[in-house]
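Novice: This is the content of coords-v9.cif (mmCIF, C-alpha atoms and all ligand atoms):
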```cif
data_model
loop_
_atom_site.label_atom_id
_atom_site.label_comp_id
_atom_site.auth_asym_id
_atom_site.auth_seq_id
_atom_site.Cartn_x
_atom_site.Cartn_y
_atom_site.Cartn_z
CA ALA C 285 -2.40 -13.89 -19.49
CA LYS C 286 -4.27 -10.82 -20.52
CA ARG C 287 -3.52 -7.39 -19.22
CA GLN C 288 -6.50 -5.75 -17.56
CA GLY C 289 -5.54 -2.23 -16.80
CA ARG C 290 -2.91 -1.23 -14.32
CA ASN C 291 -1.20 -3.96 -12.37
CA THR C 292 -3.95 -6.50 -12.74
CA TRP C 293 -3.72 -9.71 -14.66
CA GLN C 294 -6.47 -12.09 -15.48
CA TRP C 295 -5.83 -15.67 -16.34
CA TYR C 296 -8.02 -17.23 -18.98
CA GLY C 297 -8.46 -20.96 -18.82
CA ALA C 298 -5.39 -21.12 -16.69
CA ASP C 299 -5.33 -23.18 -13.55
CA LYS C 300 -3.15 -22.42 -10.58
CA ALA C 301 -0.42 -24.73 -11.79
CA GLU C 302 -0.14 -22.97 -15.11
CA HIS C 303 -0.13 -19.63 -13.40
CA SER C 304 2.71 -20.61 -11.13
CA ARG C 305 4.65 -22.23 -14.00
CA HIS C 306 4.36 -18.99 -15.93
CA SER C 307 5.54 -16.85 -13.04
CA VAL C 308 8.40 -19.26 -12.38
CA THR C 309 9.51 -18.85 -16.01
CA LEU C 310 9.26 -15.06 -15.85
CA ARG C 311 10.91 -14.88 -12.48
CA HIS C 312 13.73 -16.97 -13.87
CA GLU C 313 13.97 -14.88 -17.03
CA LEU C 314 14.04 -11.62 -15.08
CA HIS C 315 16.75 -13.04 -12.87
CA THR C 316 18.80 -13.99 -15.93
CA ALA C 317 18.11 -10.63 -17.51
CA LEU C 318 19.55 -8.83 -14.51
CA LYS C 319 22.56 -11.11 -14.35
CA GLU C 320 23.25 -10.90 -18.06
CA ASN C 321 22.67 -7.19 -18.46
CA GLN C 322 19.72 -7.40 -20.85
CA PHE C 323 18.31 -4.11 -19.63
CA GLU C 324 19.01 -0.70 -21.04
CA LEU C 325 17.79 2.75 -20.13
CA TYR C 326 16.17 4.99 -22.68
CA TYR C 327 15.74 8.68 -21.99
CA GLN C 328 12.88 10.94 -23.00
CA PRO C 329 13.25 14.73 -22.86
CA LEU C 330 10.89 17.02 -20.96
CA VAL C 331 10.76 20.53 -22.37
CA ASP C 332 9.79 23.96 -21.14
CA ALA C 333 6.27 24.61 -22.43
CA VAL C 334 7.15 28.17 -23.49
CA THR C 335 10.69 27.94 -24.84
CA GLY C 336 10.99 24.29 -25.89
CA ARG C 337 14.26 24.08 -23.98
CA MET C 338 15.09 20.66 -22.59
CA ARG C 339 14.68 20.72 -18.83
CA SER C 340 15.17 17.13 -17.82
CA VAL C 341 14.90 13.59 -19.05
CA GLU C 342 12.89 10.64 -17.81
CA ALA C 343 14.70 7.30 -17.62
CA LEU C 344 12.59 4.45 -19.01
CA VAL C 345 13.81 0.89 -18.77
CA ARG C 346 13.98 -1.40 -21.81
CA TRP C 347 14.40 -5.16 -21.82
CA HIS C 348 16.17 -6.69 -24.81
CA HIS C 349 14.99 -10.27 -24.44
CA PRO C 350 17.28 -12.69 -26.33
CA VAL C 351 14.32 -14.58 -27.81
CA ARG C 352 11.26 -12.35 -27.51
CA GLY C 353 13.02 -9.19 -28.59
CA MET C 354 12.10 -5.88 -26.96
CA VAL C 355 9.68 -6.43 -24.08
CA SER C 356 7.65 -3.43 -22.95
CA PRO C 357 8.01 -2.23 -19.35
CA ALA C 358 4.21 -2.04 -19.24
CA GLU C 359 4.44 -5.83 -19.43
CA PHE C 360 7.34 -6.74 -17.18
CA ILE C 361 7.28 -4.02 -14.52
CA PRO C 362 3.94 -5.22 -13.06
CA LEU C 363 5.30 -8.77 -13.03
CA ALA C 364 8.53 -7.68 -11.38
CA GLU C 365 6.38 -5.92 -8.79
CA GLN C 366 4.47 -9.13 -8.12
CA THR C 367 7.59 -11.23 -7.69
CA GLY C 368 9.50 -8.62 -5.68
CA GLN C 369 12.18 -8.47 -8.37
CA ILE C 370 11.35 -4.83 -8.83
CA VAL C 371 13.66 -4.22 -5.88
CA PRO C 372 16.93 -5.34 -7.52
CA LEU C 373 15.72 -4.11 -10.93
CA GLY C 374 14.76 -0.72 -9.48
CA LEU C 375 18.15 -0.41 -7.84
CA TRP C 376 19.86 -1.21 -11.12
CA VAL C 377 17.77 1.46 -12.88
CA LEU C 378 18.55 4.05 -10.24
CA ARG C 379 22.28 3.39 -10.26
CA GLN C 380 22.48 3.23 -14.05
CA ALA C 381 20.51 6.47 -14.49
CA CYS C 382 22.65 8.34 -11.95
CA GLN C 383 25.87 7.02 -13.41
CA GLU C 384 24.96 7.71 -17.03
CA MET C 385 23.64 11.20 -16.31
CA ALA C 386 26.64 12.13 -14.17
CA GLU C 387 28.84 11.28 -17.16
CA PHE C 388 26.49 12.94 -19.63
CA ASN C 389 26.40 16.17 -17.64
CA GLY C 390 30.16 16.18 -17.31
CA ARG C 391 30.34 16.69 -21.07
CA ARG C 392 27.69 19.44 -21.28
CA GLU C 393 27.53 23.08 -20.49
CA ARG C 394 24.05 22.90 -19.00
CA SER C 395 23.19 20.00 -16.74
CA LEU C 396 20.01 18.03 -17.21
CA ARG C 397 18.03 16.61 -14.32
CA VAL C 398 17.08 12.95 -14.54
CA ALA C 399 13.74 11.57 -13.40
CA VAL C 400 13.64 7.93 -12.31
CA ASN C 401 10.46 5.91 -11.86
CA ILE C 402 10.25 4.28 -8.46
CA SER C 403 7.72 1.54 -7.76
CA SER C 404 5.70 2.05 -4.61
CA LEU C 405 7.04 -1.19 -3.18
CA GLN C 406 10.59 0.03 -3.65
CA PHE C 407 9.89 3.52 -2.31
CA ILE C 408 8.39 2.46 1.02
CA ARG C 409 10.77 -0.44 1.60
CA ASP C 410 13.20 -0.15 4.51
CA GLY C 411 16.58 1.08 3.41
CA PHE C 412 15.41 2.86 0.26
CA LEU C 413 16.70 6.27 1.35
CA ASP C 414 20.08 4.81 2.24
CA ASP C 415 20.23 3.21 -1.21
CA VAL C 416 19.49 6.55 -2.87
CA PHE C 417 22.06 8.47 -0.86
CA ARG C 418 24.71 5.79 -1.38
CA ILE C 419 24.11 5.66 -5.13
CA LEU C 420 24.40 9.44 -5.41
CA GLU C 421 27.68 9.32 -3.54
CA GLU C 422 29.04 6.46 -5.61
CA THR C 423 28.08 7.97 -8.95
CA GLY C 424 28.83 11.59 -8.10
CA LEU C 425 25.49 12.86 -9.44
CA SER C 426 24.40 16.00 -7.64
CA PRO C 427 21.22 15.36 -5.57
CA GLN C 428 19.67 18.46 -7.19
CA LEU C 429 19.81 16.64 -10.50
CA LEU C 430 17.80 13.65 -9.34
CA GLU C 431 14.03 13.47 -9.34
CA LEU C 432 12.01 10.46 -8.27
CA GLU C 433 8.65 9.73 -9.89
CA VAL C 434 6.14 7.94 -7.70
CA THR C 435 2.45 7.26 -8.18
CA GLU C 436 -0.23 7.75 -5.59
CA SER C 437 -0.33 3.99 -4.97
CA VAL C 438 2.63 4.72 -2.72
CA LEU C 439 0.08 5.91 -0.17
CA ILE C 440 -1.48 2.50 0.20
CA ASP C 441 0.01 1.81 3.62
CA GLY C 442 -0.58 5.29 4.97
CA VAL C 443 0.42 8.85 4.30
CA GLU C 444 2.56 9.62 7.35
CA HIS C 445 5.49 7.40 6.44
CA VAL C 446 5.49 8.63 2.84
CA ILE C 447 5.55 12.26 3.98
CA LYS C 448 8.58 11.51 6.17
CA LEU C 449 10.41 9.87 3.27
CA MET C 450 9.62 12.75 0.94
CA GLU C 451 10.76 15.30 3.54
CA ALA C 452 14.05 13.45 3.97
CA LEU C 453 14.60 13.45 0.22
CA LYS C 454 13.71 17.12 -0.02
CA ASP C 455 16.17 17.95 2.79
CA ARG C 456 18.92 16.47 0.63
CA GLY C 457 17.80 18.42 -2.42
CA ILE C 458 16.21 15.47 -4.20
CA ARG C 459 12.87 16.16 -5.86
CA VAL C 460 9.78 14.03 -5.98
CA ALA C 461 7.15 14.12 -8.72
CA LEU C 462 3.69 12.60 -8.55
CA ASP C 463 3.29 10.47 -11.66
CA ASP C 464 0.12 9.51 -13.51
CA PHE C 465 -1.75 12.18 -11.65
CA GLY C 466 -5.48 11.93 -11.97
CA THR C 467 -5.69 8.20 -12.58
CA GLY C 468 -6.03 7.18 -8.92
CA PHE C 469 -8.70 7.98 -6.41
CA SER C 470 -7.92 10.40 -3.63
CA SER C 471 -5.79 12.79 -5.68
CA LEU C 472 -6.93 16.13 -4.40
CA SER C 473 -7.17 15.55 -0.66
CA TYR C 474 -3.63 14.29 -0.08
CA LEU C 475 -1.89 16.63 -2.48
CA ARG C 476 -2.11 19.23 0.25
CA ASP C 477 0.12 17.16 2.55
CA LEU C 478 2.78 15.82 0.23
CA PRO C 479 6.04 17.74 -0.19
CA THR C 480 6.29 17.18 -3.94
CA HIS C 481 7.69 19.48 -6.59
CA LYS C 482 5.68 18.36 -9.54
CA VAL C 483 2.59 16.63 -10.73
CA LYS C 484 2.57 14.77 -14.00
CA LEU C 485 -0.81 14.82 -15.70
CA ASP C 486 -1.52 11.44 -17.20
CA ARG C 487 -1.74 11.32 -20.97
CA SER C 488 -5.34 10.09 -20.82
CA PHE C 489 -6.19 13.64 -19.70
CA VAL C 490 -3.74 15.44 -21.89
CA GLN C 491 -4.92 13.78 -25.06
CA ASN C 492 -8.59 14.51 -24.48
CA THR C 493 -8.68 18.12 -23.33
CA ALA C 494 -9.47 19.35 -26.82
CA THR C 495 -12.51 17.15 -27.29
CA ASP C 496 -13.90 16.75 -23.79
CA ARG C 497 -14.95 19.85 -21.88
CA ARG C 498 -15.08 18.07 -18.54
CA ILE C 499 -11.55 16.75 -18.94
CA ALA C 500 -10.42 20.21 -19.95
CA ALA C 501 -11.96 21.54 -16.74
CA ILE C 502 -10.11 18.97 -14.64
CA VAL C 503 -6.83 19.70 -16.38
CA GLN C 504 -7.26 23.44 -15.87
CA GLY C 505 -8.22 22.85 -12.25
CA VAL C 506 -5.18 20.71 -11.53
CA ILE C 507 -2.83 23.24 -13.12
CA THR C 508 -4.30 26.15 -11.17
CA MET C 509 -4.33 24.22 -7.92
CA ALA C 510 -0.79 22.92 -8.34
CA HIS C 511 0.49 26.43 -9.02
CA HIS C 512 -1.18 27.70 -5.87
CA MET C 513 0.77 25.01 -4.01
CA ASP C 514 4.03 26.00 -5.72
CA MET C 515 4.18 22.85 -7.77
CA MET C 516 5.06 22.51 -11.41
CA VAL C 517 2.83 20.67 -13.82
CA VAL C 518 4.03 18.31 -16.52
CA ALA C 519 1.76 17.15 -19.32
CA GLU C 520 2.63 13.68 -20.57
CA GLY C 521 1.88 12.19 -23.96
CA ILE C 522 1.92 15.34 -26.09
CA GLU C 523 1.63 14.06 -29.65
CA THR C 524 0.09 16.93 -31.60
CA ARG C 525 0.57 20.66 -31.96
CA GLU C 526 -2.99 21.12 -30.90
CA GLN C 527 -2.25 19.42 -27.58
CA GLN C 528 0.95 21.40 -27.19
CA GLU C 529 -0.78 24.72 -27.78
CA ASP C 530 -3.73 23.83 -25.59
CA LEU C 531 -1.57 22.86 -22.60
CA ALA C 532 0.74 25.84 -23.04
CA ARG C 533 -2.28 28.13 -23.16
CA ARG C 534 -3.43 26.63 -19.87
CA HIS C 535 -0.05 27.50 -18.36
CA CYS C 536 1.18 23.98 -18.00
CA ASP C 537 4.91 24.32 -17.24
CA ILE C 538 6.54 21.34 -18.87
CA LEU C 539 5.65 19.12 -21.81
CA GLN C 540 6.69 15.57 -22.65
CA GLY C 541 5.70 13.47 -25.62
CA TYR C 542 6.42 12.08 -29.05
CA LEU C 543 5.86 15.53 -30.59
CA PHE C 544 9.22 16.57 -29.13
CA ALA C 545 11.08 13.30 -28.80
CA ARG C 546 10.53 9.62 -28.15
CA PRO C 547 12.46 7.80 -25.47
CA MET C 548 15.92 7.09 -26.92
CA PRO C 549 19.25 5.48 -26.07
CA LEU C 550 21.83 7.67 -24.36
CA ALA C 551 23.95 7.87 -27.51
CA GLU C 552 21.07 9.58 -29.32
CA LEU C 553 20.29 11.87 -26.43
CA CYS C 554 23.83 13.19 -26.69
CA LEU C 555 23.08 14.43 -30.22
CA LEU C 556 19.97 16.48 -29.35
CA PRO C 557 20.02 20.28 -29.45
CA GLU C 558 19.18 22.24 -26.28
CA ILE C 559 15.93 23.46 -27.73
CA LEU C 560 13.63 20.88 -29.26
CA PRO C 561 11.43 21.81 -32.18
CA ALA C 562 7.94 20.33 -32.13
CA ASN C 563 7.58 17.86 -34.96
P1 LIG S 1 5.17 6.26 -17.24
O1 LIG S 1 6.07 6.46 -16.08
O2 LIG S 1 3.87 6.96 -17.21
O3 LIG S 1 6.03 6.66 -18.51
C1 LIG S 1 5.52 7.32 -19.63
C2 LIG S 1 5.22 6.33 -20.74
O4 LIG S 1 4.57 7.01 -21.80
C3 LIG S 1 6.47 5.68 -21.35
O5 LIG S 1 6.12 4.35 -21.74
C4 LIG S 1 6.70 6.56 -22.58
O6 LIG S 1 7.44 5.91 -23.59
C5 LIG S 1 5.28 6.81 -23.01
N1 LIG S 1 5.14 8.03 -23.80
C6 LIG S 1 5.89 9.15 -23.77
N2 LIG S 1 5.43 10.08 -24.63
C7 LIG S 1 4.37 9.53 -25.24
C8 LIG S 1 3.45 9.99 -26.25
O7 LIG S 1 3.52 11.09 -26.76
N3 LIG S 1 2.46 9.13 -26.62
C9 LIG S 1 2.33 7.89 -26.07
N4 LIG S 1 1.34 7.12 -26.51
N5 LIG S 1 3.16 7.43 -25.12
C10 LIG S 1 4.17 8.24 -24.71
P2 LIG S 1 7.07 3.12 -21.46
O8 LIG S 1 8.50 3.53 -21.62
O9 LIG S 1 6.58 1.97 -22.27
O10 LIG S 1 6.83 2.81 -19.93
C11 LIG S 1 5.57 2.39 -19.47
C12 LIG S 1 5.49 2.43 -17.97
O11 LIG S 1 6.37 1.45 -17.40
C13 LIG S 1 5.90 3.75 -17.36
O12 LIG S 1 4.85 4.68 -17.45
C14 LIG S 1 6.23 3.31 -15.94
O13 LIG S 1 5.04 3.20 -15.20
C15 LIG S 1 6.82 1.95 -16.16
N6 LIG S 1 8.29 2.05 -16.18
C16 LIG S 1 9.13 2.30 -17.21
N7 LIG S 1 10.41 2.30 -16.80
C17 LIG S 1 10.39 2.07 -15.46
C18 LIG S 1 11.41 1.93 -14.43
O14 LIG S 1 12.61 2.08 -14.67
N8 LIG S 1 10.96 1.66 -13.17
C19 LIG S 1 9.64 1.51 -12.87
N9 LIG S 1 9.31 1.24 -11.59
N10 LIG S 1 8.68 1.64 -13.79
C20 LIG S 1 9.04 1.91 -15.07
CA CA S 2 6.98 8.21 -15.09
CA CA S 3 3.32 8.86 -16.14
CA CA S 4 1.41 6.52 -17.38
#
```
As structure tokens, please, write out the structure in this file.

Specialist:
Amino acid sequence: AKRQGRNTWQWYGADKAEHSRHSVTLRHELHTALKENQFELYYQPLVDAVTGRMRSVEALVRWHHPVRGMVSPAEFIPLAEQTGQIVPLGLWVLRQACQEMAEFNGRRERSLRVAVNISSLQFIRDGFLDDVFRILEETGLSPQLLELEVTESVLIDGVEHVIKLMEALKDRGIRVALDDFGTGFSSLSYLRDLPTHKVKLDRSFVQNTATDRRIAAIVQGVITMAHHMDMMVVAEGIETREQQEDLARRHCDILQGYLFARPMPLAELCLLPEILPAN
């Protein structure tokens, strides 16, 4: 199978039988992986664009496959979405992130918020809110310290339901961020209606503002617009000082990228200073 952009797979020279054999294998492997605890969460810091102070971390799932080694989420998340296994996997991620960060914060002076990626399928599924509230109760993480990252594909079955869900989360103090902003279609028109706290500018924009005037214009436009709607803006994929300075100059609020820190295991996160130097 060859990856063809987001969530689409094309099968070369593969008949239906091969396709289904392959998904049966993966489905089976994912099932085993969940049962045998082959997943781990890595955490990547998000820093204040002005001070460099760590504001929150994003939880990113890792699969330590016994034979294939580390498998990228870009590979298995779309497959888990296709098979529906994203539901149990997503629940595991949510519980693990809340539990680990509740413990982590217990040992720190300043608490960090944790952002968890939620697949659209998982977000709009019946019972999702109950799952979130139950997990917060069970783990003892304060709702104010949880943020959910969703992409605009969550709107596929209509906006009304999604607004209700987001309002319910907001009422409990849980934040919602719009991930991969700018990569979908109807970005601007619905932003008005969604009760979100944050937009995360996709790295395809962030990494090209310096060289592409049109992209720079879009980035500036999104930042200005988001601020007028009382939303914060995160720039993803900051790898160079040039990108850091450019986004900071454009009043982007929060930066995330390899320049500050890569995603890392919890044990390493515990060793980081409060303020991250760019390097
Ligand atoms: P995402 O949510 O957009 O996450 C950001 C991705 O960019 C992560 O890739 C992160 O490691 C990478 N990244 C961060 N800084 C930089 C940088 O400076 N340069 C570059 N080139 N990349 C950077 P990762 O961890 O491989 O995850 C890929 C995608 O898989 C995520 O994209 C997200 O869509 C999905 N994903 C990961 N974990 C989860 C999860 O627990 N649940 C769900 N539903 N999806 C997840
Ligand atoms: Ca994300
Ligand atoms: Ca993203
Ligand atoms: Ca992305």

Novice: Counting only C-alpha atoms and all ligand atoms, figure out which residue out of C:Asp537, C:Val434, C:Asn563, C:Leu439 gets nearest to ligand CA 4 (chain S).

Specialist: C:Val434

Novice: Determine the nearest neighbour of C:Gln428 from the options C:Leu553, C:Asp441, C:Val398, C:Leu413, counting only C-alpha atoms.

Specialist: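 Of C:Leu553, C:Asp441, C:Val398, C:Leu413, the one nearest C:Gln428, counting only C-alpha atoms, is C:Val398.
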
Novice: Please report the interatomic distance between atom CA of C:Glu302 and atom N6 of ligand LIG 1 (chain S) in Å with one decimal.

Specialist: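 Result for atom CA of C:Glu302 versus atom N6 of ligand LIG 1 (chain S): 26.4 Å, one decimal.
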
Novice: Name each residue within 7 Å of ligand CA 4 (chain S), counting only C-alpha atoms and all ligand atoms, as a short mmCIF file (atom, residue, chain, number, x, y, z; two decimals) with C-alpha atoms, keeping the file's coordinate frame.

Specialist:
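Result file part_34.cif:
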```
data_model
loop_
_atom_site.label_atom_id
_atom_site.label_comp_id
_atom_site.auth_asym_id
_atom_site.auth_seq_id
_atom_site.Cartn_x
_atom_site.Cartn_y
_atom_site.Cartn_z
CA ASP C 464 0.12 9.51 -13.51
CA ASP C 486 -1.52 11.44 -17.20
CA ARG C 487 -1.74 11.32 -20.97
#
```

Novice: Could you give me the residues within 10 Å of ligand CA 3 (chain S), counting all atoms listed in the file, as a PDB file with C-alpha atoms, keeping the file's coordinate frame?

Specialist:
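Result file result.pdb:
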```
ATOM      1  CA  GLU C 342      12.890  10.640 -17.810  1.00  0.00           C
ATOM      2  CA  ASN C 401      10.460   5.910 -11.860  1.00  0.00           C
ATOM      3  CA  GLU C 433       8.650   9.730  -9.890  1.00  0.00           C
ATOM      4  CA  VAL C 434       6.140   7.940  -7.700  1.00  0.00           C
ATOM      5  CA  THR C 435       2.450   7.260  -8.180  1.00  0.00           C
ATOM      6  CA  ALA C 461       7.150  14.120  -8.720  1.00  0.00           C
ATOM      7  CA  LEU C 462       3.690  12.600  -8.550  1.00  0.00           C
ATOM      8  CA  ASP C 463       3.290  10.470 -11.660  1.00  0.00           C
ATOM      9  CA  ASP C 464       0.120   9.510 -13.510  1.00  0.00           C
ATOM     10  CA  PHE C 465      -1.750  12.180 -11.650  1.00  0.00           C
ATOM     11  CA  THR C 467      -5.690   8.200 -12.580  1.00  0.00           C
ATOM     12  CA  VAL C 483       2.590  16.630 -10.730  1.00  0.00           C
ATOM     13  CA  LYS C 484       2.570  14.770 -14.000  1.00  0.00           C
ATOM     14  CA  LEU C 485      -0.810  14.820 -15.700  1.00  0.00           C
ATOM     15  CA  ASP C 486      -1.520  11.440 -17.200  1.00  0.00           C
ATOM     16  CA  ARG C 487      -1.740  11.320 -20.970  1.00  0.00           C
ATOM     17  CA  SER C 488      -5.340  10.090 -20.820  1.00  0.00           C
ATOM     18  CA  VAL C 518       4.030  18.310 -16.520  1.00  0.00           C
ATOM     19  CA  ALA C 519       1.760  17.150 -19.320  1.00  0.00           C
ATOM     20  CA  GLU C 520       2.630  13.680 -20.570  1.00  0.00           C
ATOM     21  CA  GLY C 521       1.880  12.190 -23.960  1.00  0.00           C
ATOM     22  CA  GLN C 540       6.690  15.570 -22.650  1.00  0.00           C
TER      23      GLN C 540
END
```

Novice: C:Thr335, C:Thr423, C:Gln528, C:Thr508: which is nearest ligand LIG 1 (chain S), counting all atoms listed in the file?

Specialist: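 Checking each candidate against ligand LIG 1 (chain S), we get C:Gln528 as the closest.
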
Novice: Please produce, as a tab-separated table, a per-residue contact table for chain C versus ligand LIG 1 (chain S) (criterion: any atom at most 8 Å away, all atoms listed in the file considered), showing the nearest atom pair and its distance in Å to one decimal, sorted by chain then residue number.

Specialist:
```
residue	atom	partner	partner_atom	distance
C:Leu325	CA	S:LIG1	O14	7.6
C:Tyr326	CA	S:LIG1	O8	7.9
C:Gln328	CA	S:LIG1	C6	7.3
C:Glu342	CA	S:LIG1	O3	8.0
C:Ala343	CA	S:LIG1	O14	6.3
C:Leu344	CA	S:LIG1	N7	3.8
C:Val345	CA	S:LIG1	N7	4.2
C:Arg346	CA	S:LIG1	N7	7.2
C:Ser356	CA	S:LIG1	O9	5.5
C:Pro357	CA	S:LIG1	O11	4.5
C:Ala358	CA	S:LIG1	O11	4.5
C:Glu359	CA	S:LIG1	O11	7.8
C:Ile361	CA	S:LIG1	N10	5.9
C:Ile370	CA	S:LIG1	N9	7.0
C:Leu373	CA	S:LIG1	N8	7.8
C:Gly374	CA	S:LIG1	N8	5.8
C:Val377	CA	S:LIG1	O14	5.5
C:Leu378	CA	S:LIG1	O14	7.7
C:Val400	CA	S:LIG1	O14	6.4
C:Asn401	CA	S:LIG1	N8	4.5
C:Ile402	CA	S:LIG1	N9	4.5
C:Ser403	CA	S:LIG1	N9	4.2
C:Ser404	CA	S:LIG1	N9	7.9
C:Glu433	CA	S:LIG1	O1	7.5
C:Asp463	CA	S:LIG1	O1	6.6
C:Asp464	CA	S:LIG1	O2	5.9
C:Asp486	CA	S:LIG1	O2	7.0
C:Arg487	CA	S:LIG1	C9	7.4
C:Glu520	CA	S:LIG1	N2	6.1
C:Gly521	CA	S:LIG1	O7	3.4
C:Ile522	CA	S:LIG1	O7	4.6
C:Glu523	CA	S:LIG1	O7	4.6
C:Gln540	CA	S:LIG1	N2	6.0
C:Gly541	CA	S:LIG1	O7	3.4
C:Tyr542	CA	S:LIG1	O7	3.8
C:Leu543	CA	S:LIG1	O7	6.3
C:Ala545	CA	S:LIG1	N2	7.7
C:Arg546	CA	S:LIG1	N2	6.2
C:Pro547	CA	S:LIG1	O6	5.7
```

Novice: Which residue, C:Val416, C:His535, C:Lys454, C:Leu432, has the smallest gap to ligand CA 2 (chain S) when you use only C-alpha atoms and all ligand atoms?

Specialist: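 Between C:Val416, C:His535, C:Lys454, C:Leu432, the residue approaching ligand CA 2 (chain S) most closely is C:Leu432.
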
Novice: What is the distance, in Å and to one decimal place, between atom CA of C:Phe544 and atom CA of C:Gln322?

Specialist: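 These atoms are spaced 27.4 Å apart.
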
Novice: Atom CA of C:Ala386 and atom CA of C:Leu425 are how many Å apart?

Specialist: 4.9 Å

Novice: Could you please give me, as an MDAnalysis selection string, the residues of protein, DNA or RNA lying at most 12 Å from (15.3, 15.9, -23.1) in the coordinate frame of the file, considering all atoms listed in the file?

Specialist: chainID C and resid 326:332 336:343 385 394:399 538:542 544:550 552:561

Novice: Please determine, counting all atoms listed in the file, which residue among C:Asp415, C:Glu431, C:Glu421, C:Glu529 has the shortest atom-to-atom distance to ligand CA 2 (chain S).

Specialist: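 Selected residue with least distance to ligand CA 2 (chain S): C:Glu431.
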